[in-house]
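Trainee: My file is data.txt. It has compact mmCIF, C-alpha atoms:
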```
# COMPACT_ATOMS: atom_id res chain seq x y z
CA MET A 18 -0.76 4.41 -66.32
CA LEU A 19 0.94 5.55 -63.12
CA ASP A 20 -0.65 8.50 -61.37
CA LEU A 21 2.21 10.89 -60.69
CA GLY A 22 -0.04 13.72 -59.60
CA ILE A 23 0.97 15.86 -62.57
CA GLN A 24 -1.54 18.63 -63.12
CA LYS A 25 -1.86 21.21 -65.83
CA GLY A 26 -0.52 24.56 -64.79
CA SER A 27 2.37 26.87 -65.33
CA THR A 28 4.97 24.19 -64.68
CA GLY A 29 2.86 21.10 -65.31
CA PHE A 30 4.32 19.46 -62.19
CA VAL A 31 2.32 21.13 -59.41
CA ASP A 32 0.86 18.69 -56.90
CA GLU A 33 -0.59 20.10 -53.71
CA ASP A 34 -0.21 16.80 -51.82
CA TYR A 35 3.55 16.57 -52.47
CA THR A 36 6.54 18.80 -51.92
CA THR A 37 8.07 19.24 -55.38
CA ILE A 38 11.83 19.62 -55.58
CA TYR A 39 13.47 20.50 -58.88
CA LEU A 40 16.95 19.48 -60.01
CA SER A 41 18.16 23.05 -59.52
CA ASP A 42 17.11 22.88 -55.84
CA LEU A 43 18.92 19.62 -55.06
CA GLU A 44 22.08 19.52 -53.00
CA VAL A 45 24.80 16.88 -53.27
CA GLY A 46 23.85 14.10 -50.87
CA ASP A 47 20.07 14.52 -51.18
CA GLU A 48 18.32 11.19 -51.71
CA ILE A 49 14.84 9.96 -52.58
CA THR A 50 13.23 6.53 -52.89
CA GLY A 51 10.06 6.06 -54.85
CA GLU A 52 8.20 5.42 -58.05
CA VAL A 53 9.97 6.55 -61.24
CA TYR A 54 8.63 8.04 -64.45
CA ILE A 55 10.34 9.12 -67.68
CA SER A 56 8.50 11.70 -69.82
CA GLU A 57 8.44 12.03 -73.59
CA LEU A 58 11.37 13.77 -75.25
CA LYS A 59 10.76 17.46 -75.73
CA THR A 60 12.59 20.05 -77.82
CA LYS A 61 13.32 23.49 -76.41
CA GLU A 62 15.09 26.50 -77.78
CA PHE A 63 17.53 28.53 -75.72
CA LYS A 64 19.48 31.47 -77.12
CA GLY A 65 18.78 30.32 -80.67
CA ASN A 66 19.91 26.74 -80.09
CA GLU A 67 17.60 23.75 -79.97
CA PHE A 68 18.13 21.00 -77.44
CA GLN A 69 16.24 17.92 -76.36
CA HIS A 70 15.34 16.93 -72.85
CA PHE A 71 13.12 14.61 -70.88
CA TYR A 72 11.89 14.69 -67.31
CA LEU A 73 12.88 12.13 -64.72
CA ILE A 74 10.28 12.19 -61.96
CA ILE A 75 10.66 10.26 -58.72
CA LYS A 76 7.67 10.25 -56.39
CA ASP A 77 8.06 9.21 -52.74
CA HIS A 78 4.55 8.38 -51.52
CA LYS A 79 5.67 7.77 -47.93
CA ASN A 80 7.23 11.20 -47.42
CA LYS A 81 4.94 13.04 -49.88
CA GLN A 82 7.89 14.37 -51.85
CA LYS A 83 8.79 14.28 -55.53
CA TRP A 84 11.78 15.25 -57.59
CA VAL A 85 11.25 16.73 -61.04
CA CYS A 86 14.51 16.65 -62.98
CA SER A 87 14.91 17.94 -66.52
CA ILE A 88 17.65 15.95 -68.25
CA ASN A 89 19.21 17.52 -71.36
CA THR A 90 20.39 14.91 -73.83
CA SER A 91 21.94 14.43 -77.24
CA VAL A 92 19.48 12.82 -79.65
CA TYR A 93 19.93 11.21 -83.04
CA THR A 94 17.58 9.35 -85.37
CA ASN A 95 18.41 6.28 -87.44
CA ASN A 96 15.64 4.72 -89.58
CA ASP A 97 13.01 6.59 -87.54
CA VAL A 98 14.37 5.19 -84.27
CA VAL A 99 15.20 7.96 -81.80
CA SER A 100 18.19 7.31 -79.57
CA ILE A 101 19.75 9.30 -76.76
CA TYR A 102 23.47 9.49 -76.20
CA GLY A 103 25.47 9.85 -73.01
CA ALA A 104 29.24 10.29 -72.90
CA LYS A 105 31.21 9.02 -69.91
CA GLY A 106 31.16 11.57 -67.10
CA GLY A 107 27.91 13.20 -68.17
CA ARG A 108 24.51 13.33 -66.48
CA VAL A 109 22.80 11.02 -69.02
CA TYR A 110 25.67 8.53 -68.85
CA LEU A 111 25.57 8.34 -65.04
CA LEU A 112 21.80 7.95 -65.01
CA ILE A 113 21.84 5.07 -67.53
CA ASP A 114 25.00 3.46 -66.15
CA SER A 115 23.80 3.49 -62.54
CA LEU A 116 20.31 2.23 -63.51
CA ASN A 117 21.85 -0.59 -65.55
CA HIS A 118 24.10 -1.44 -62.59
CA ALA A 119 21.21 -1.42 -60.09
CA LEU A 120 18.93 -3.55 -62.27
CA ASN A 121 21.36 -5.83 -64.11
CA ASP A 122 24.37 -5.92 -61.77
CA THR A 123 26.72 -4.60 -64.48
CA GLU A 124 30.04 -2.96 -63.69
CA LEU A 125 29.99 0.84 -63.35
CA ASN A 126 31.97 3.11 -65.68
CA GLN A 127 33.04 0.34 -68.05
CA LEU A 128 31.78 1.85 -71.30
CA GLU A 129 32.94 5.07 -72.91
CA SER A 130 29.38 6.04 -73.83
CA TYR A 131 25.79 4.84 -74.02
CA SER A 132 23.53 4.94 -77.04
CA VAL A 133 20.01 4.02 -75.97
CA VAL A 134 16.77 3.66 -77.94
CA PHE A 135 14.70 6.24 -76.10
CA GLU A 136 11.26 4.60 -76.49
CA THR A 137 12.56 1.27 -75.15
CA PHE A 138 14.27 3.04 -72.25
CA LYS A 139 11.16 5.09 -71.40
CA ASP A 140 8.72 2.19 -71.80
CA THR A 141 10.83 -0.19 -69.72
CA VAL A 142 11.38 2.30 -66.91
CA ASN A 143 7.73 3.38 -66.83
CA GLY A 144 6.32 -0.11 -67.24
CA ARG A 145 8.70 -2.35 -65.32
CA VAL A 146 10.80 -0.36 -62.84
CA GLU A 147 8.76 -0.26 -59.64
CA GLU A 148 10.99 1.70 -57.29
CA VAL A 149 14.36 3.45 -57.35
CA THR A 150 16.61 5.18 -54.87
CA VAL A 151 18.30 8.19 -56.42
CA LYS A 152 21.09 10.23 -54.89
CA ALA A 153 22.27 13.68 -55.95
CA VAL A 154 26.04 13.47 -56.51
CA GLU A 155 28.82 15.83 -57.52
CA PRO A 156 28.73 16.60 -61.23
CA SER A 157 31.85 15.69 -63.18
CA ASN A 158 31.66 19.04 -64.99
CA PRO A 159 33.04 21.74 -62.66
CA ASN A 160 30.86 24.35 -64.41
CA ALA A 161 27.61 22.43 -63.86
CA LYS A 162 25.04 24.31 -61.82
CA THR A 163 23.16 21.21 -60.67
CA PRO A 164 24.19 17.82 -59.31
CA ASN A 165 24.18 14.60 -61.27
CA LEU A 166 21.77 11.80 -60.39
CA GLN A 167 22.94 8.32 -59.46
CA ILE A 168 20.57 5.42 -58.99
CA THR A 169 21.78 3.42 -56.02
CA LYS A 170 18.94 0.85 -55.87
CA ALA A 171 16.21 -0.27 -58.25
CA ASN A 172 13.50 -2.91 -58.26
CA ALA A 173 11.75 -4.11 -61.39
CA SER A 174 8.82 -6.40 -62.04
CA LYS A 175 9.52 -9.80 -63.58
CA ASP A 176 8.74 -10.47 -67.24
CA ALA A 177 5.03 -10.83 -67.88
```
Translate this file's structure into structure tokens.
Mentor:
Amino acid sequence: MLDLGIQKGSTGFVDEDYTTIYLSDLEVGDEITGEVYISELKTKEFKGNEFQHFYLIIKDHKNKQKWVCSINTSVYTNNDVVSIYGAKGGRVYLLIDSLNHALNDTELNQLESYSVVFETFKDTVNGRVEEVTVKAVEPSNPNAKTPNLQITKANASKDA
């Protein structure tokens, strides 16, 4: 298991050795390169509505900085398989599309949406993706309060 320095506390992401930057603190153009981790899906309630989210954590050991980004996502279950959904233009779509491009050299913005088995996505990222470069970019939604995240580079280990 990768040590991300996550400690129990009020936020669960406090790490005295690293400067922690949350998605809400990022500015368009900010960039980080480091180890990547995807958390479990979690359900939260806000104003009577439930929504699912996961954390994307990027930890830059060289500069002692980490980004902690909560990613809200649409979730559906089919035969006990939990999938996340990202429509073109959205935060989840850009994250998956840019990661797929960086790792598999696919074309960007070719699909109208992504439907991804969450456990496979999480396990592959956590187990095989060694390093990513992530850039905060303009959100496509003009009402969004935080930037979107685009993966510009990624390195993965070879099949075992």
Trainee: Using all atoms listed in the file, find the one residue out of A:Arg108, A:Asp77, A:Lys83, A:Ile88 that sits nearest to Asn158 (chain A).
Mentor: A:Arg108
Trainee: With all atoms listed in the file as the counted atoms, please give the residues lying no more than 12 Å from Leu116 (chain A), apart from itself and same-chain residues fewer than 5 positions off, as a list in words.
Mentor: Val53, Val109, Tyr110, Leu111, Asn121, Asp122, Thr123, Glu124, Leu125, Asn126, Phe138, Thr141, Val142, Val146, Glu148, Val149, Thr150, Val151, Lys152, Leu166, Gln167, Ile168, Thr169, Lys170, Ala171, Asn172 and Ala173 of chain A
Trainee: What's the separation between CA of Gln127 (chain A) and CA of Lys105 (chain A), in Å to one decimal place?
Mentor: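 About the pair CA of Gln127 (chain A) and CA of Lys105 (chain A): they are 9.1 Å apart.
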Trainee: With 9 Å as the cut-off and all atoms listed in the file counted, what is the closest atom pair between each nearby residue of region 116-172 of chain A and region 32-45 of chain A? Distances in Å to one decimal, ordered by chain and number, as a tab-separated table.
Mentor:
```
residue	atom	partner	partner_atom	distance
A:Lys152	CA	A:Val45	CA	7.8
A:Ala153	CA	A:Val45	CA	4.9
A:Val154	CA	A:Val45	CA	4.9
A:Glu155	CA	A:Val45	CA	5.9
A:Pro156	CA	A:Val45	CA	8.9
A:Lys162	CA	A:Ser41	CA	7.4
A:Thr163	CA	A:Ser41	CA	5.5
A:Pro164	CA	A:Val45	CA	6.1
A:Asn165	CA	A:Val45	CA	8.3
```
Trainee: Rounded to one decimal in Å, what is the spacing between CA of Tyr54 (chain A) and CA of Asn95 (chain A)?
Mentor: 25.0 Å
Trainee: Report, in Å to a single decimal, how far apart CA of Thr90 (chain A) and CA of Lys61 (chain A) are.
Mentor: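 These atoms are spaced 11.4 Å apart.
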Trainee: Draw an axis-aligned box over all listed atoms of region 88-105 of chain A, pad each side with 6 Å, and write its centre and edge lengths in Å, one decimal, as AutoDock Vina command-line options.
Mentor:
```
--center_x 22.1 --center_y 11.1 --center_z -78.9 --size_x 30.2 --size_y 24.8 --size_z 33.3
```
Trainee: Quick one: of A:Phe135, A:Ser115, A:Asn160, A:Glu67, who's nearest to Asp97 (chain A), counting all atoms listed in the file?
Mentor: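 Closest residue, counting all atoms listed in the file: A:Phe135.
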Trainee: Tell me which of A:Leu73, A:Leu112, A:Val98, A:Ile55 sits closest to Tyr131 (chain A), counting all atoms listed in the file.
Mentor: A:Leu112
Trainee: Which residue gives the smallest distance to Ile75 (chain A) among A:Thr60, A:Ser87, A:Thr137, A:Ser174, with all atoms listed in the file counted?
Mentor: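 Checking each candidate against Ile75 (chain A), we get A:Ser87 as the closest.
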